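Undergrad: Let me give you the structure first, and then I'll get to my questions.
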Amino acid sequence: MKLLGLAVMVVMVGACGSSSASNDTGANGMGFTAAQLCQLATSAEVGAAIGQSVPAGVPSGVNAPSCTWTAADASGATIAANSTGSVGQIPFGLQGNSAAHVTPIPHLGDAAFFAAGGDGPNAELDMKKGGRAVTITVGIAGGNMTQGQQEGAELAIATAAAGRM
């Protein structure tokens, strides 16, 4: 009788496990999987934004997923999942920098901001839409771009991504 009771418990636990798995949305880190982040922009859109041909984005991470598109010369762009509460805030890496600031971007997602500070192009674009948020960063090999060019490239990628979020 004890063996039958144990068998029933094992079946019940197994059934509970399969039931919750069937309700899984697939989103792992902050509402996105890395593969979902790669679907927010195409290689053509990213390439046009950075002025370089790029292959398909490469997904990485689970709890902090991201997707990176990298050109042959190492220029590229990244879309990373972020918490909605961080949109409009000074990023951790710029905290304590007296030149750090955020600038609102109107008409993009539910809220969007450039966060920047210091010398050279070091902006990131943070955007939230529909209860999820992303951070978009662009870098050009050799650092041969202005802050305005960097922000323009990030904005082009964010505009494409917002339509798919």
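Letters A, B, ... go to the chains of the structure tokens in the order shown; residues in each chain start at 1; ligands are counted from 1 in the same order.
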From segment 84-117 of chain A, collect each residue whose DSSP state is strand (DSSP E or B) and return the set as a PyMOL selection string.

TA: chain A and resi 101-104+111-116

Undergrad: Set the distance at 10 Å and use only C-alpha atoms: which residues neighbour Gly148 of chain A once local chain neighbours fewer than 5 positions away are removed? I'd like the list as a PDB file with C-alpha atoms, in the first residue's frame.

TA:
ATOM      1  CA  PRO A 121      30.421  58.440 -28.046  1.00  0.00           C
ATOM      2  CA  ALA A 123      25.387  56.663 -25.396  1.00  0.00           C
ATOM      3  CA  ALA A 153      22.230  54.510 -35.325  1.00  0.00           C
ATOM      4  CA  GLU A 154      20.704  53.450 -31.997  1.00  0.00           C
TER       5      GLU A 154
END

Undergrad: Ranking A:Ala35, A:Val138, A:Val87, A:Leu94 by minimum distance to Thr70 of chain A and counting only C-alpha atoms, which one comes first?

TA: A:Val138

Undergrad: So which one's closest to Ala71 of chain A, A:Ala116, A:Val54, A:Ala48, A:Ala156? Using only C-alpha atoms, please.

TA: A:Val54

Undergrad: Fewer than 2 positions away in the same chain doesn't count, so skip those; otherwise give me all residues within 12 Å of Gly47 of chain A, counting only C-alpha atoms, as a compact mmCIF listing (two decimals) with N, CA, C and O atoms, in the first residue's frame.

TA:
# COMPACT_ATOMS: atom_id res chain seq x y z
N ALA A 41 15.21 43.20 -34.72
CA ALA A 41 15.81 43.96 -35.84
C ALA A 41 16.42 42.97 -36.81
O ALA A 41 16.92 41.92 -36.41
N THR A 42 16.40 43.32 -38.09
CA THR A 42 17.01 42.47 -39.11
C THR A 42 18.45 42.86 -39.33
O THR A 42 18.88 43.97 -38.97
N SER A 43 19.20 41.98 -39.96
CA SER A 43 20.59 42.31 -40.32
C SER A 43 20.64 43.53 -41.23
O SER A 43 21.53 44.37 -41.11
N ALA A 44 19.68 43.63 -42.15
CA ALA A 44 19.64 44.78 -43.07
C ALA A 44 19.41 46.08 -42.30
O ALA A 44 20.05 47.10 -42.59
N GLU A 45 18.52 46.05 -41.30
CA GLU A 45 18.24 47.26 -40.51
C GLU A 45 19.44 47.66 -39.67
O GLU A 45 19.81 48.84 -39.62
N ALA A 49 21.91 50.97 -40.20
CA ALA A 49 22.10 51.90 -39.08
C ALA A 49 23.58 52.17 -38.81
O ALA A 49 23.96 53.30 -38.51
N ILE A 50 24.42 51.14 -38.93
CA ILE A 50 25.84 51.32 -38.60
C ILE A 50 26.70 51.53 -39.85
O ILE A 50 27.91 51.76 -39.73
N GLY A 51 26.10 51.43 -41.03
CA GLY A 51 26.85 51.65 -42.26
C GLY A 51 27.78 50.51 -42.63
O GLY A 51 28.78 50.72 -43.31
N GLN A 52 27.46 49.32 -42.18
CA GLN A 52 28.28 48.13 -42.44
C GLN A 52 27.37 46.94 -42.67
O GLN A 52 26.31 46.85 -42.07
N SER A 53 27.81 46.01 -43.48
CA SER A 53 27.08 44.76 -43.63
C SER A 53 27.31 43.91 -42.38
O SER A 53 28.45 43.80 -41.91
N VAL A 54 26.24 43.35 -41.85
CA VAL A 54 26.36 42.48 -40.67
C VAL A 54 25.61 41.18 -40.92
O VAL A 54 24.58 41.18 -41.58
N PRO A 55 26.12 40.07 -40.41
CA PRO A 55 25.38 38.80 -40.50
C PRO A 55 24.25 38.79 -39.47
O PRO A 55 24.05 39.75 -38.73
N ALA A 56 23.55 37.69 -39.42
CA ALA A 56 22.46 37.53 -38.45
C ALA A 56 22.97 37.78 -37.03
O ALA A 56 24.13 37.51 -36.71
N GLY A 57 22.08 38.29 -36.19
CA GLY A 57 22.42 38.51 -34.79
C GLY A 57 22.69 37.20 -34.09
O GLY A 57 22.13 36.16 -34.42
N THR A 68 23.62 40.22 -30.49
CA THR A 68 24.67 41.09 -31.03
C THR A 68 24.88 40.81 -32.51
O THR A 68 25.00 39.66 -32.92
N TRP A 69 24.94 41.89 -33.27
CA TRP A 69 25.27 41.85 -34.69
C TRP A 69 26.67 42.44 -34.83
O TRP A 69 26.91 43.56 -34.37
N THR A 70 27.60 41.72 -35.46
CA THR A 70 28.98 42.17 -35.55
C THR A 70 29.47 42.14 -36.99
O THR A 70 29.42 41.09 -37.64
N ALA A 71 29.95 43.28 -37.47
CA ALA A 71 30.52 43.39 -38.81
C ALA A 71 31.92 42.79 -38.83
O ALA A 71 32.53 42.53 -37.78
N ALA A 72 32.47 42.61 -40.02
CA ALA A 72 33.81 42.02 -40.17
C ALA A 72 34.88 42.82 -39.46
O ALA A 72 35.86 42.26 -38.97
N SER A 75 32.76 46.37 -35.79
CA SER A 75 31.69 47.32 -35.51
C SER A 75 30.43 46.50 -35.27
O SER A 75 30.31 45.38 -35.77
N GLY A 76 29.49 47.06 -34.54
CA GLY A 76 28.28 46.29 -34.33
C GLY A 76 27.27 46.96 -33.43
O GLY A 76 27.41 48.13 -33.06
N ALA A 77 26.25 46.20 -33.12
CA ALA A 77 25.15 46.67 -32.28
C ALA A 77 24.67 45.53 -31.40
O ALA A 77 24.77 44.36 -31.78
N VAL A 138 25.51 50.79 -29.82
CA VAL A 138 26.19 50.69 -31.11
C VAL A 138 27.63 51.10 -30.91
O VAL A 138 27.93 52.05 -30.17
N ILE A 140 31.40 51.53 -33.29
CA ILE A 140 32.10 51.48 -34.57
C ILE A 140 33.57 51.21 -34.28
O ILE A 140 34.17 51.86 -33.42
N ALA A 153 22.24 55.95 -35.03
CA ALA A 153 22.23 54.51 -35.32
C ALA A 153 21.38 53.76 -34.30
O ALA A 153 20.58 52.88 -34.67
N GLU A 154 21.52 54.10 -33.04
CA GLU A 154 20.70 53.45 -32.00
C GLU A 154 19.23 53.75 -32.20
O GLU A 154 18.38 52.86 -32.04
N ALA A 156 17.69 54.39 -35.05
CA ALA A 156 17.20 53.63 -36.21
C ALA A 156 16.88 52.19 -35.81
O ALA A 156 15.85 51.64 -36.20
N ILE A 157 17.76 51.57 -35.03
CA ILE A 157 17.53 50.19 -34.59
C ILE A 157 16.34 50.14 -33.62
O ILE A 157 15.49 49.25 -33.72

Undergrad: One decimal, in Å: what's the spacing between atom CA of Ala133 of chain A and atom CA of Ala81 of chain A?

TA: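 These two atoms are separated by 6.1 Å.
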
Undergrad: Using only C-alpha atoms, which of the listed residues (A:Gly31, A:Gly163, A:Gly117, A:Gly61) sits closest to Phe92 of chain A?

TA: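 Closest to Phe92 of chain A of all the choices is A:Gly117.
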
Undergrad: Please provide the set of residues having any atom within 10 Å of Pro91 of chain A, restricted to only C-alpha atoms, with same-chain residues fewer than 4 positions apart removed, written as a PyMOL selection string.

TA: chain A and resi 86-87+95+100-102+115-117+124+126

Undergrad: Calculated over only C-alpha atoms, which of the candidates A:Thr78, A:Ser60, A:Thr137, A:Thr159 has the smallest distance to Gly109 of chain A?

TA: A:Thr159

Undergrad: Can you work out the spacing between atom CA of Cys38 of chain A and atom CA of Val134 of chain A in Å, to one decimal?

TA: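 Taking atom CA of Cys38 of chain A and atom CA of Val134 of chain A, their separation equals 11.7 Å.
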
Undergrad: Which residues are near Pro59 of chain A? Cut-off 6 Å, only C-alpha atoms, ignore same chain within fewer than 6 positions. Put them as a list in words.

TA: Ala34, Ala35, Ser66 and Cys67 of chain A

Undergrad: Give me a file of those residues, with N, CA, C and O atoms, as a compact mmCIF listing (two decimals), in the first residue's frame.

TA:
# COMPACT_ATOMS: atom_id res chain seq x y z
N ALA A 34 16.95 35.36 -25.65
CA ALA A 34 17.95 35.96 -26.54
C ALA A 34 17.48 35.86 -27.99
O ALA A 34 17.66 36.80 -28.78
N ALA A 35 16.88 34.74 -28.36
CA ALA A 35 16.39 34.58 -29.74
C ALA A 35 15.31 35.61 -30.06
O ALA A 35 15.27 36.13 -31.19
N SER A 66 20.73 38.80 -24.59
CA SER A 66 21.06 39.85 -25.54
C SER A 66 21.22 39.25 -26.93
O SER A 66 21.29 38.03 -27.09
N CYS A 67 21.30 40.13 -27.92
CA CYS A 67 21.58 39.72 -29.29
C CYS A 67 22.57 40.72 -29.85
O CYS A 67 22.38 41.94 -29.71

Undergrad: Just the helix (DSSP H, G or I) stuff from segment 25-132 of chain A, please, per backbone DSSP, written as an MDAnalysis selection string.

TA: chainID A and resid 34:38 43:50 84:86 92:94

Undergrad: Convert the current residue selection to file output with all heavy atoms, as a CSV table (one decimal), in the first residue's frame.

TA:
chain,number,residue,atom,x,y,z
A,34,ALA,N,17.0,35.4,-25.7
A,34,ALA,CA,17.9,36.0,-26.5
A,34,ALA,C,17.5,35.9,-28.0
A,34,ALA,O,17.7,36.8,-28.8
A,34,ALA,CB,19.3,35.3,-26.3
A,35,ALA,N,16.9,34.7,-28.4
A,35,ALA,CA,16.4,34.6,-29.7
A,35,ALA,C,15.3,35.6,-30.1
A,35,ALA,O,15.3,36.1,-31.2
A,35,ALA,CB,15.9,33.2,-29.9
A,36,GLN,N,14.4,35.9,-29.1
A,36,GLN,CA,13.4,36.9,-29.3
A,36,GLN,C,14.0,38.3,-29.6
A,36,GLN,O,13.6,39.1,-30.4
A,36,GLN,CB,12.4,37.0,-28.2
A,36,GLN,CG,11.5,35.8,-28.1
A,36,GLN,CD,10.7,35.7,-26.8
A,36,GLN,OE1,11.2,36.2,-25.7
A,36,GLN,NE2,9.5,35.1,-26.9
A,37,LEU,N,15.1,38.6,-28.8
A,37,LEU,CA,15.8,39.9,-29.0
A,37,LEU,C,16.4,40.0,-30.4
A,37,LEU,O,16.4,41.0,-31.1
A,37,LEU,CB,16.9,40.1,-28.0
A,37,LEU,CG,16.4,40.3,-26.6
A,37,LEU,CD1,17.5,40.2,-25.6
A,37,LEU,CD2,15.7,41.6,-26.4
A,38,CYS,N,16.9,38.9,-31.0
A,38,CYS,CA,17.4,38.8,-32.3
A,38,CYS,C,16.3,39.1,-33.4
A,38,CYS,O,16.6,39.5,-34.5
A,38,CYS,CB,18.1,37.5,-32.6
A,38,CYS,SG,19.7,37.3,-31.8
A,43,SER,N,19.2,42.0,-40.0
A,43,SER,CA,20.6,42.3,-40.3
A,43,SER,C,20.6,43.5,-41.2
A,43,SER,O,21.5,44.4,-41.1
A,43,SER,CB,21.3,41.1,-41.0
A,43,SER,OG,21.4,40.1,-40.1
A,44,ALA,N,19.7,43.6,-42.2
A,44,ALA,CA,19.6,44.8,-43.1
A,44,ALA,C,19.4,46.1,-42.3
A,44,ALA,O,20.0,47.1,-42.6
A,44,ALA,CB,18.6,44.6,-44.1
A,45,GLU,N,18.5,46.1,-41.3
A,45,GLU,CA,18.2,47.3,-40.5
A,45,GLU,C,19.4,47.7,-39.7
A,45,GLU,O,19.8,48.8,-39.6
A,45,GLU,CB,17.0,47.0,-39.6
A,45,GLU,CG,15.7,46.9,-40.4
A,45,GLU,CD,14.6,46.3,-39.6
A,45,GLU,OE1,14.8,45.6,-38.6
A,45,GLU,OE2,13.4,46.5,-40.0
A,46,VAL,N,20.1,46.7,-39.0
A,46,VAL,CA,21.3,47.0,-38.2
A,46,VAL,C,22.4,47.5,-39.1
A,46,VAL,O,23.1,48.5,-38.8
A,46,VAL,CB,21.7,45.8,-37.4
A,46,VAL,CG1,23.0,46.0,-36.7
A,46,VAL,CG2,20.6,45.4,-36.4
A,47,GLY,N,22.6,46.8,-40.2
A,47,GLY,CA,23.7,47.2,-41.2
A,47,GLY,C,23.5,48.6,-41.7
A,47,GLY,O,24.4,49.4,-41.8
A,48,ALA,N,22.2,48.9,-42.1
A,48,ALA,CA,22.0,50.3,-42.5
A,48,ALA,C,22.2,51.3,-41.4
A,48,ALA,O,22.8,52.4,-41.7
A,48,ALA,CB,20.5,50.4,-43.0
A,49,ALA,N,21.9,51.0,-40.2
A,49,ALA,CA,22.1,51.9,-39.1
A,49,ALA,C,23.6,52.2,-38.8
A,49,ALA,O,24.0,53.3,-38.5
A,49,ALA,CB,21.4,51.4,-37.8
A,50,ILE,N,24.4,51.1,-38.9
A,50,ILE,CA,25.8,51.3,-38.6
A,50,ILE,C,26.7,51.5,-39.8
A,50,ILE,O,27.9,51.8,-39.7
A,50,ILE,CB,26.4,50.2,-37.7
A,50,ILE,CG1,26.5,48.9,-38.5
A,50,ILE,CG2,25.6,50.0,-36.5
A,50,ILE,CD1,27.3,47.8,-37.8
A,84,THR,N,12.2,47.4,-16.8
A,84,THR,CA,11.5,48.6,-17.2
A,84,THR,C,11.8,49.8,-16.2
A,84,THR,O,11.8,50.9,-16.6
A,84,THR,CB,10.0,48.4,-17.2
A,84,THR,OG1,9.6,47.9,-15.9
A,84,THR,CG2,9.6,47.4,-18.2
A,85,GLY,N,12.2,49.5,-15.0
A,85,GLY,CA,12.5,50.5,-14.0
A,85,GLY,C,13.8,51.2,-14.3
A,85,GLY,O,14.0,52.3,-13.7
A,86,SER,N,14.6,50.7,-15.1
A,86,SER,CA,15.9,51.3,-15.4
A,86,SER,C,15.8,52.3,-16.6
A,86,SER,O,16.7,53.1,-16.8
A,86,SER,CB,17.0,50.3,-15.7
A,86,SER,OG,16.7,49.6,-17.0
A,92,PHE,N,24.3,52.1,-14.5
A,92,PHE,CA,25.3,51.8,-13.5
A,92,PHE,C,26.7,52.2,-13.8
A,92,PHE,O,27.4,52.8,-13.0
A,92,PHE,CB,25.3,50.3,-13.2
A,92,PHE,CG,26.2,49.9,-12.1
A,92,PHE,CD1,25.9,50.2,-10.8
A,92,PHE,CD2,27.4,49.3,-12.4
A,92,PHE,CE1,26.8,49.9,-9.7
A,92,PHE,CE2,28.3,49.0,-11.4
A,92,PHE,CZ,28.0,49.3,-10.0
A,93,GLY,N,27.1,52.0,-15.1
A,93,GLY,CA,28.5,52.3,-15.5
A,93,GLY,C,28.7,53.8,-15.5
A,93,GLY,O,29.9,54.3,-15.6
A,94,LEU,N,27.7,54.6,-15.5
A,94,LEU,CA,27.9,56.1,-15.6
A,94,LEU,C,27.5,56.8,-14.3
A,94,LEU,O,27.7,58.0,-14.1
A,94,LEU,CB,27.0,56.7,-16.7
A,94,LEU,CG,27.3,56.3,-18.1
A,94,LEU,CD1,26.3,56.9,-19.1
A,94,LEU,CD2,28.7,56.8,-18.5

Undergrad: From the set A:Asp73, A:Ile79, A:Ala162, A:Ala64, which residue has the shortest atom-to-atom contact distance to Ala112 of chain A, counting only C-alpha atoms?

TA: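 For Ala112 of chain A, the nearest of the given residues is A:Ala162.
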